[in-house]
Amino acid sequence: MLAEFGGEPPLASLRRQLAEGRIGRREFLRYAVLVGLAVPEALAEIGAAGTARAALPQGGTLRLGTRVKDIKNPHTYSWGAYDSNVCRQVCEYLTLTDHDNVTHPWLLERWQVSDDLQTWTLALRPGVKWHNGEDFTADQVIWNLRRLTDPAVGSSFLGLVKGYLMREVPDGTGADGKPRTRLVLWDAQAIERVDAHTVRLHCHSPQVAVPEHLFHYPALMLYPGDNGVFGPGAQGTGAFTLTDFEAGKLARVRAVKNYWGEGPQLEAIEFIDLGDDVSAGISALASRQVHGLVDTDPMQYPALHQIPFLQFYQVSTAETAVLRVKLDAKPFDDARVRQAMRLGLDNTEIMQVALRGLGTAGQNVHVAPVQPDYGRVPAVRRDVAQAKQLLADAGYPTGFETTLYLPASPGWLAAACQAAVEQWQEIGLRVKLSVMPGAAYWDVWTKVPFGCTLWYHRPLGVMVLGLAYRAGVPWNETGYANPAFDRLLAEAEGTLDAARRSAVMAELEAMLQADGPMVQPLWRTLFTFMDHAVQGFTMHPSQYVFGNQLALLAG
Amino acid sequence: MPAGSLLALLARRVASLGLTLLAASFLVFMLTQFSPANVARETLGAYALPEQVRALTRSLRLDDPILLRYARWGGVLLGLKADPLQDPRLGLHFTDPRGARYFGNFGYSTLFRAPVADVLWSRLANTALLGALALAVIVPLSLALGILAGLRPGGLLDRLISVSAIAMTSVPEFALGVILVAIFSVALRWLPGTSPLTTGAGWPLASQLVLPVAVLAIYDSGYVARMVRVAMIEVLGQPYIRTATLKGLSRRQVILRHALRNAMIMPFTVLMLQINWLIGGVVVTELVFAYPGFGRMLLQASLFGDVALIEAATLIALSIAILTQLLSDIGYWLLDPKARG
Amino acid sequence: MRVGRSGVAFVGLALILLWVVLALAAPWLPLPSPTAQDYAAFAHPGPSAQHWLGVDPLGRDTLARLVWGARVVLLLAPLSVLAAYAVGCTLGLLAGYYGGWTDALISRASDVILSFPVVVLYVILIANIGPSAFNIVIAVVLAAAPGVGRIVRGLARRLAAQDFIAAARLRRESGLYIMVVEILPNCRGPLLTDVCIRLGYTTIMIGTLGFLGLGLPPPSPDWGGMVQQAGPMLTVYPAMALIPAGAIISLVLGFNLLADGLSEAP
Amino acid sequence: MTALLAIRDLRVEYASARRPVLALPGFSLDLAPGESFGLVGESGCGKSTLLLAILRHLGPGGRITGGAIVFEGQDLLTADAAALRRVRGGRIALVPQEPASALNPSMTIGRQLMEVPMQHQRVGRAEARERAEQALADVRLPDPRGAMARFAHQLSGGQQQRVAIAMALLARPALLLLDEPTSGLDVTVAAAVLDLLTALSETYRTAMIAISHDLAVVARLCARIGVMQAGEMVEEALAATLFAAPRHVYTQALLAAMPRLGGAAPRTEAPPGETLLDVAGLSKSYTVGGGRVRALEDFALRARRGAMVAIVGESGCGKSSFARVLAGLQAADTGAMRFAGRDLAGRTLAARSPREVAAIQMVFQNPETTLNPAHTVGQPILRALRKLAAPAPLPLAARLAALLEMVRLPAAIGRALPRQLSGGQKQRIAIARACAGAPDLLIADEAVSALDASVQATVVDLLRHIQRARGTTILFISHDLALVQAIADEVVVMYGGRVMQSGPAARLLAPPQHPYTAALLAAVPPPPGAPRAAIRLRGEPSDPRHPPAGCRFAPRCPRHLGKLCDDTPPPVQVTADGGRIACHIPLPELALG
């Protein structure tokens with residue numbers, strides 16, 4: 001994480017960098033609002049004005065095709081796009097990260113951060129009311145945050161804030177005789193009530209991404225009276241209320257009167273379960289049974305692209321598939337083998353096949369050009385002859401046989417793997433595919449010698465590198481342990497100077513290109529199609545739907 | 001003796017129902033042992049920490065020996081003990097409005113995170129609708145085709161019907177679904193391509209049912225029609241048909257009075273068996289048309305490893321199968337005087 | 001009349017033989033590898049001079065995949081039906097010849113399995129033990145053997161009551177000899193038709209499993225999987241799904257027509 | 001008087017795979033009103049085809065290719081469909097073979113009968129019901145009203161045949177066609193049906209064509225008889241003339257093969273040997289459909305080495321059960337069965353020594369199921385030689401040839417499949433198979449009853465030859481008392497699982513006889529002109545699951561004494577000449593007949 005801003009107050013540092021032309025306006029905007037500048041002001045500083053919203057039509061029921069899964073326990077949601085999309089219309093977050101990666105206050109009016117990035121003061125937006133007319137208060141926010149950080153609840157929010165809000169305490173011994181620990185807030189006052197509309201977070205280490213974490217999909221602000229359970233009629237502060245719900249079939253939300261914010265224009269939204277068959281989604285859109293799909297598969301693109309009444313929406317992301325090896329497993333322990341594997345692939349072709357062109361080729365570095373801290377590295381080229389030579393040098397003149405494990409969903413992973421396997425044949429790698437049910441794969445994903453792992457979009461490259469390639473961290477699935485890499489990574493995390501940081505990142509990326517534990521062939525462009533009648537939609541990199549911004553043209 | 005034999009039959013069937021359900025439920029339970037799916041992991045998502053997964057596994061008691069879990073499941077089903085998953089101390093928020101302990105408690109579906117009873121019945125009703133409509137097409141269609149073909153074995157009409165019937169049964173449901181959607185939804189745009197059973201889009205319910213019913217009916221009618229044809233041919237070759245003809249009855253009278261009823265006995269059983277087939281047949285059809293039914297639910301549950309739901313669905317499917325068998329026995333008893341003794 | 005019927009059977013046999021010949025000849029046919037991806041054809045997957053039947057969504061030659069897929073189906077379907085017959089005949093003979101407790105035990109166990117809706121049984125089985133060629137054989141054996149057993153049991157019971165069985169017992173033949181030498185050869189007629197029907201049905205089942213995503217792991221060419229993968233392209237490239245669907249239909253039709261011809265023959 | 005029916009050069013062909021088969025090459029027949037004509041011939045001679053051709057209803061593939069059938073002045077071959085329907089069932093009615101399958105299983109008897117008057121006499125339901133009931137009364141069916149509401153399977157075979165006759169007569173046809181009217185019926189029941197048909201034809205003066213493989217049956221029914229061979233009528237004569245002076249060699253053979261009471265063949269000349277088989281108090285019961293059936297009760301039998309002992313009785317009397325127990329296919333419940341000094345009663349094949357198994361062999365009833373259709377006919381004989389026969393220096397093939405020669409078959413036939421053999425040949429193979437292990441006792445369980453008369457005679461001859469030449473004891477089981485009486489040394493008469501009478505064959509013919517024996521004898525159709533026996537049995541054998549407490553035969557016994565017979569099992573009385581009779585009626589009284 002951004003550990004420090006080089007002693008300078010963060011906002012001042014950002015302004016200086018912008019003035020010196022070392023960061024772009026978008027990056028300035030993103031960081032400036034993170035450290036507390038209100039969006040309109042930040043826009044004013046970079047000389048842009050918020051675009052006025054065009055008048056939108058009123059009324060209508062929007063129907064979206066998706067999976068309708070259980071939504072009962074919002075704080076434990078695990079499918080970002082599926083379950084939180086329903087609840088998001090009813091309950092809201094303290095902050096909102098938009099499709100441009102800019103985080104805005106939402107239920108907050110504003111936030112302030114201390115210069116050491118350890119104390120965050122969150123001011124609640126006045127006038128926000130629950131559907132039952134009660135005021136939205138600091139006590140309710142604290143109730144929610146405490147619940148989200150309670151290990152017994154099991155929210156994935158805990159993983160995000162673990163590093164700066166939690167600590168481990170001993171908790172007896174387990175059945176195997178080893179001492180057990182559990183996570184608690186690091187300090188009783190870590191979440192402090194300042195007044196009825198202000199909450200303060202005290203972190204034990206600096207953290208710049210707190211506002212982004214507050215938008216993590218389980219971090220919905222629930223009505224304490226509902227005891228953390230969400231269902232039809234549950235309270236919320238949002239523009240809609242849930243009226244019907246049947247898992248696997250349908251969820252329906254209806255607009256409430258007197259919503260505190262803008263909108264809603266729609267009268268209702270229906271989330272219709274179309275199952276896992278990608279063909280069903282096409283049929284439903286073609287028959288105009290739904291107005292749009294929340295999630296799409298690249299295989300759906302050709303058919304949907306052809307339907308005249310649909311509008312295409314897309315956004316480039318840092319979502320990717322990593323074909324990674326375990327560094328302590330033969331033959332992958334030899335850097336020449338790993339290099340040969342990278343040289344054996346044409347990343348562009350793999351992207352073309354697996355994503356049908358809806359993406360960009362990866363450079364085997366797991367830092368995306370769309371991420372602001374990306375450092376430029378040379379493009380990779382397929383070189384069969386050199387790959388063969390490397391394999392021969394490593395003692396595999398005729399290649400070798402191995403098995404690649406991958407989860408069954410999403411389907412494009414298998415497409416990417418099949419394309420890679422086919423290309424590897426040419427350098428003598430005979431790879432068998434073993435497709436596992438998703439749940440089974442995620443149980444062994446850090447253990448299999450050769451696997452294909454899906455990594456979702458994250459706003460910063462350092463976040464990914466820190467999670468996946470730093471020595472000893474839990475999600476380091478490859479066992480990559482490179483002290484030089486870790487040193488540079490720490491430096492990148494602590495550098496707010498964009499140019500310097502990009503240079504450091506380029507070094508890190510070069511290391512991965514040279515002896516990294518994986519091939520990372522592609523970046524995904526998320527896309528969807530919506531009926532032309534749908535107004536106000538933008539593609540969010542996490543496939544979030546904001547119902548209060550949407551409208552339907554009549555007819 | 002006739003009424004007694006029917007009662008004895010009923011008693012035998014009920015006993016066999018119980019035994020079959022017991023055996024089958026254990027079989028399915030054993031089978032889920034092999035499942036690679038990890039319910040705790042699936043519940044918590046890909047990025048849950050390993051200790052969270054372990055904790056939930058303990059809470060769900062998924063690490064108990066299989067026999068213990070089976071016994072517990074059986075106890076919960078019979079209402080002998082409370083569903084341990086509903087213990088509020090587990091913090092799973094698993095609550096059943098019917099209470100924690102009642103007869104027929106299939107437990108909690110980990111896939112839908114809802115009581116199985118909440119998930120199961122509405123889907124079963126949807127599938128029953130689909131199945132009933134399919135049957136309403138299959139019965140008259142297959143009888144008409146089979147009888148027409150059986151009247152003149154080897155004739156032009158017979159050959160036409162027989163070959164079409166074979167062709168109909170040779171098209172797998174999923175292929176038929178794809179073909180029908182290509183024709184009627186994509187090319188002609190007459191019918192919706194999916195059947196979510198919501199009418200907001202302007203496709204009436206009836207229009208959503210046409211293609212799924214057609215897939216089930218076309219595949220199955222061919223099969224049943226062939227059975228009816230064989231039965232008809234066999235009956236027409238019986239000496240009593242000759243007796244009837246040689247009584248001076250016209251061909252029409254012979255067929256209507258003497259042949260039809262006897263020719264219905266065998267196909268009746270076959271038709272009842274189709275109910276059993278339909279339960280399985282809907283799996284594919286419901287998947288193709290995104291129909292919110294029992295079959296798709298079962299498929300999801302199987303892929304997910306939702307033991308409670310698989311068990312419930314299996315037992316219900318089996319009960320239906322065995323009850324149909326019973327119905328078919330009773331119908332047979334009514335249709336065939338010989339069965340009455 | 002018989003000519004017409006046997007004509008139908010001939011068509012069936014021809015359809016099956018066509019696939020058998022293609023499958024056997026696959027390695028020598030001038031076809032691309034069934035897994036090779038043609039990036040040039042990717043944008044225009046329809047039939048062309050290089051790819052007579054077009055390519056699949058991953059740019060692989062459809063004809064090659066059909067032909068190599070035929071090897072899979074034509075190996076798996078007969079193998080699993082054969083295995084189901086081995087088990088089913090054994091059980092049926094034991095139950096039908098010995099009767100009594102043996103019969104009661106085997107029959108009740110078969111009833112349990114036969115009460116399952118077939119597709120449900122396959123789905124639960126494969127979803128739990130995992131999709132692989134071996135497991136498909138296991139599943140077919142478990143699902144089909146009781147049905148075969150029931151037929152064989154009926155035949156065996158009828159045959160066991162015949163005088164030539166009593167005659168065999170009177171010359172002190174063992175039970176094994178009577179079941180295998182005296183009874184089994186006489187089950188041939190009715191079973192031959194059943195074999196064809198089951199082959200057709202197993203072909204459908206293998207296709208269905210592929211379609212449900214429970215087929216052979218990629219990149220093995222799997223007809224049902226081909227239909228499923230091409231499903232989303234249906235509106236744009238209908239041939240991509242309809243051709244493999246047609247392949248399955250033609251093979252199943254072949255088995256069914258042959259079964260029909262065999263059952264009508266004297 | 002003009003002919004009622006005139007058939008001229010009728011030619012019927014059946015389509016077949018290769019070329020059409022000529023079933024009737026040119027058949028001619030004239031029949032006067034009220035005249036009865038009987039046609040006799042072996043199976044496949046074309047006699048059924050003739051009946052169906054008259055009604056113009058040949059099954060699939062059958063075609064009339066020439067000739068004329070003029071009935072009541074109308075050529076049926078050119079009649080239109082409506083005219084044909086008027087004739088069928090109205091003017092010409094058929095009593096089909098095997099009424100069990102000729103009656104609609106799912107329609108009540110009443111409705112099936114009512115169809116006839118409703119169709120042909122255009123009467124209403126009520127009237128039709130009345131006529132149908134009357135018709136059932138006319139054929140002497142007990143409880144006609146009750147029978148109207150029943151289904152075919154709820155009636156016994158004899159009752160079904162009466163229903164079929166009633167149905168045929170309902171429309172008062174001018175011509176009645178009888179297709180094997182007694183086949184499949186027990187002898188005593190068949191006799192009653194024949195009585196009925198004779199009486200009816202006398203009452204209604206209906207013309208009749210009766211066909212049968214049994215010369216005695218047509219002789220009993222018809223004044224004029226035709227003998228048919230391969231589609232052609234080889235001889236036609238008045239019944240008495242035919243019997244007295246058969247002209248055609250085929251007719252002579254038929255007559256010679258016909259067993260006649262009293263026409264005893266020479267008995268075994270060999271002196272009676274020691275006792276080979278001694279059975280006493282043997283019982284065997286089965287569970288059938290929820291009830292216990294006592295197939296054998298207190299059964300006793302004694303056979304001396306080299307003798308031919310016959311067991312005679314109607315279906316279900318227990319004779320086959322005994323055969324299976326004796327052969328070791330089933331175990332007896334209680335009793336003793338000493339064979340060559342060792343008790344075999346409780347021991348099935350598995351518990352018998354190889355020698356004991358080889359010693360008792362069996363020839364089965366049905367030639368169609370006695371050989372495995374999947375194997376060559378030589379195979380079971382070879383297996384038997386290998387498994388049962390004592391080692392011999394000769395090669396197996398030679399021993400097979402010898403056995404085939406013994407049953408008068410060419411050695412080459414061993415390589416044939418069963419379907420290429422005739423019924424008689426199959427039974428010979430079965431005999432050869434049974435003799436392969438040189439048995440001491442050969443059981444022939446109804447071994448000839450499914451064969452045509454002439455074939456039957458030769459197979460019987462063969463058995464007697466084996467008996468004499470090899471000294472084999474033969475247990476001959478049959479329902480045909482005439483045959484049994486003619487060939488056996490000793491006879492056991494069974495009814496309902498019990499022995500009614502036993503003794504030397506010759507003494508069966510003369511009183512004192514058991515009443516059942518007398519009835520059986522009376523049921524044998526006598527040659528034309530011979531006096532008819534008057535004894536006829538009431539009803540049919542009772543449900544074996546609920547036998548009467550006393551004498552098994554009591555419910556049907558013409559000399560029934562009352563409660564004593566019903567409640568008390570009869571004592572066994574021994575006659576002067578060694579016969580044993582189980583009856584309450586004292587011997588002197590029984591002797592009065």
# chains A, B, ... in the order shown; residues from 1 in each chain; ligands from 1
>>> interface_residues(of="chain C", to="chain B", cutoff="7 Å", atoms="only C-alpha atoms", output="number ranges by chain")
C: 1, 112, 115-120, 123-125, 127-129, 204, 208, 234-235, 245, 249, 252-253, 256-257
>>> residues_around(residues="C:Ser250", least_positions_apart="4", cutoff="8 Å", atoms="only C-alpha atoms", output="PyMOL selection string")
(chain B and resi 170) or (chain C and resi 15+246+254)
>>> interface_residues(of="chain A", to="chain C", cutoff="7 Å", atoms="only C-alpha atoms", output="count of residues only")
13
>>> closest_atom_pairs(of="chain C", to="chain D", cutoff="8 Å", atoms="only C-alpha atoms", output="Markdown table")
| residue | atom | partner | partner_atom | distance |
| --- | --- | --- | --- | --- |
| C:Gln162 | CA | D:Thr369 | CA | 5.7 |
| C:Asp163 | CA | D:Thr370 | CA | 4.7 |
| C:Phe164 | CA | D:Thr370 | CA | 4.5 |
| C:Ala166 | CA | D:Leu329 | CA | 7.1 |
| C:Ala167 | CA | D:Thr370 | CA | 7.5 |
| C:Ala168 | CA | D:Pro380 | CA | 7.6 |
| C:Arg169 | CA | D:Leu349 | CA | 7.6 |
| C:Leu170 | CA | D:Val357 | CA | 6.7 |
| C:Arg171 | CA | D:Ala384 | CA | 5.6 |
| C:Arg172 | CA | D:Lys387 | CA | 6.9 |
| C:Glu173 | CA | D:Lys387 | CA | 7.9 |
| C:Glu182 | CA | D:Asn372 | CA | 6.9 |
| C:Pro185 | CA | D:Ala374 | CA | 6.1 |
| C:Asn186 | CA | D:Ala374 | CA | 6.0 |
>>> write_last_selection(atoms="N, CA and C atoms", output="PDB file, in the first residue's frame")
ATOM      1  N   GLN C 162     -37.911 -74.422 -19.081  1.00  0.00           N
ATOM      2  CA  GLN C 162     -38.063 -75.290 -20.243  1.00  0.00           C
ATOM      3  C   GLN C 162     -37.370 -76.619 -20.010  1.00  0.00           C
ATOM      4  N   ASP C 163     -37.840 -77.589 -20.777  1.00  0.00           N
ATOM      5  CA  ASP C 163     -37.403 -78.959 -20.515  1.00  0.00           C
ATOM      6  C   ASP C 163     -35.919 -79.157 -20.776  1.00  0.00           C
ATOM      7  N   PHE C 164     -35.351 -78.391 -21.719  1.00  0.00           N
ATOM      8  CA  PHE C 164     -33.943 -78.674 -22.006  1.00  0.00           C
ATOM      9  C   PHE C 164     -33.037 -78.275 -20.842  1.00  0.00           C
ATOM     10  N   ALA C 166     -34.063 -78.715 -17.643  1.00  0.00           N
ATOM     11  CA  ALA C 166     -34.211 -79.883 -16.770  1.00  0.00           C
ATOM     12  C   ALA C 166     -33.341 -81.019 -17.291  1.00  0.00           C
ATOM     13  N   ALA C 167     -33.313 -81.166 -18.620  1.00  0.00           N
ATOM     14  CA  ALA C 167     -32.498 -82.225 -19.216  1.00  0.00           C
ATOM     15  C   ALA C 167     -31.027 -82.012 -18.891  1.00  0.00           C
ATOM     16  N   ALA C 168     -30.600 -80.750 -18.953  1.00  0.00           N
ATOM     17  CA  ALA C 168     -29.202 -80.464 -18.635  1.00  0.00           C
ATOM     18  C   ALA C 168     -28.914 -80.784 -17.177  1.00  0.00           C
ATOM     19  N   ARG C 169     -29.864 -80.424 -16.304  1.00  0.00           N
ATOM     20  CA  ARG C 169     -29.653 -80.743 -14.886  1.00  0.00           C
ATOM     21  C   ARG C 169     -29.570 -82.249 -14.708  1.00  0.00           C
ATOM     22  N   LEU C 170     -30.371 -82.970 -15.478  1.00  0.00           N
ATOM     23  CA  LEU C 170     -30.375 -84.421 -15.339  1.00  0.00           C
ATOM     24  C   LEU C 170     -29.059 -85.043 -15.791  1.00  0.00           C
ATOM     25  N   ARG C 171     -28.258 -84.304 -16.548  1.00  0.00           N
ATOM     26  CA  ARG C 171     -26.957 -84.884 -16.850  1.00  0.00           C
ATOM     27  C   ARG C 171     -25.878 -84.224 -16.006  1.00  0.00           C
ATOM     28  N   ARG C 172     -26.298 -83.665 -14.869  1.00  0.00           N
ATOM     29  CA  ARG C 172     -25.378 -83.172 -13.850  1.00  0.00           C
ATOM     30  C   ARG C 172     -24.511 -82.018 -14.341  1.00  0.00           C
ATOM     31  N   GLU C 173     -25.118 -81.144 -15.140  1.00  0.00           N
ATOM     32  CA  GLU C 173     -24.382 -79.947 -15.532  1.00  0.00           C
ATOM     33  C   GLU C 173     -24.384 -78.970 -14.362  1.00  0.00           C
ATOM     34  N   GLU C 182     -26.327 -73.010 -21.729  1.00  0.00           N
ATOM     35  CA  GLU C 182     -27.687 -73.385 -22.113  1.00  0.00           C
ATOM     36  C   GLU C 182     -28.613 -72.173 -22.232  1.00  0.00           C
ATOM     37  N   PRO C 185     -27.076 -68.272 -24.667  1.00  0.00           N
ATOM     38  CA  PRO C 185     -27.185 -68.164 -26.129  1.00  0.00           C
ATOM     39  C   PRO C 185     -28.621 -67.933 -26.604  1.00  0.00           C
ATOM     40  N   ASN C 186     -29.587 -68.363 -25.815  1.00  0.00           N
ATOM     41  CA  ASN C 186     -30.974 -68.191 -26.234  1.00  0.00           C
ATOM     42  C   ASN C 186     -31.518 -66.809 -25.943  1.00  0.00           C
TER      43      ASN C 186
END
>>> interface_residues(of="chain D", to="chain B", cutoff="6 Å", atoms="only C-alpha atoms", output="list in words")
Arg85, Arg88, Gly89, Ser101, Ala102, Leu103, Asn104 and Ser106 of chain D
>>> write_last_selection(atoms="N, CA and C atoms", output="compact mmCIF listing (two decimals), in the first residue's frame")
# COMPACT_ATOMS: atom_id res chain seq x y z
N ARG D 85 -69.99 -59.82 -44.47
CA ARG D 85 -70.27 -59.63 -43.04
C ARG D 85 -71.57 -60.31 -42.65
N ARG D 88 -70.65 -64.08 -42.38
CA ARG D 88 -69.80 -64.38 -41.24
C ARG D 88 -70.59 -64.22 -39.94
N GLY D 89 -70.60 -65.24 -39.15
CA GLY D 89 -71.28 -65.15 -37.87
C GLY D 89 -72.78 -65.27 -37.99
N SER D 101 -57.88 -68.14 -26.07
CA SER D 101 -57.36 -66.96 -26.75
C SER D 101 -58.35 -66.42 -27.77
N ALA D 102 -59.40 -67.19 -28.06
CA ALA D 102 -60.35 -66.74 -29.07
C ALA D 102 -61.42 -65.85 -28.47
N LEU D 103 -61.45 -65.76 -27.14
CA LEU D 103 -62.40 -64.85 -26.51
C LEU D 103 -61.66 -63.60 -26.08
N ASN D 104 -62.33 -62.46 -26.23
CA ASN D 104 -61.72 -61.18 -25.87
C ASN D 104 -61.49 -61.13 -24.35
N SER D 106 -60.79 -58.74 -22.34
CA SER D 106 -61.20 -57.58 -21.54
C SER D 106 -62.67 -57.22 -21.76
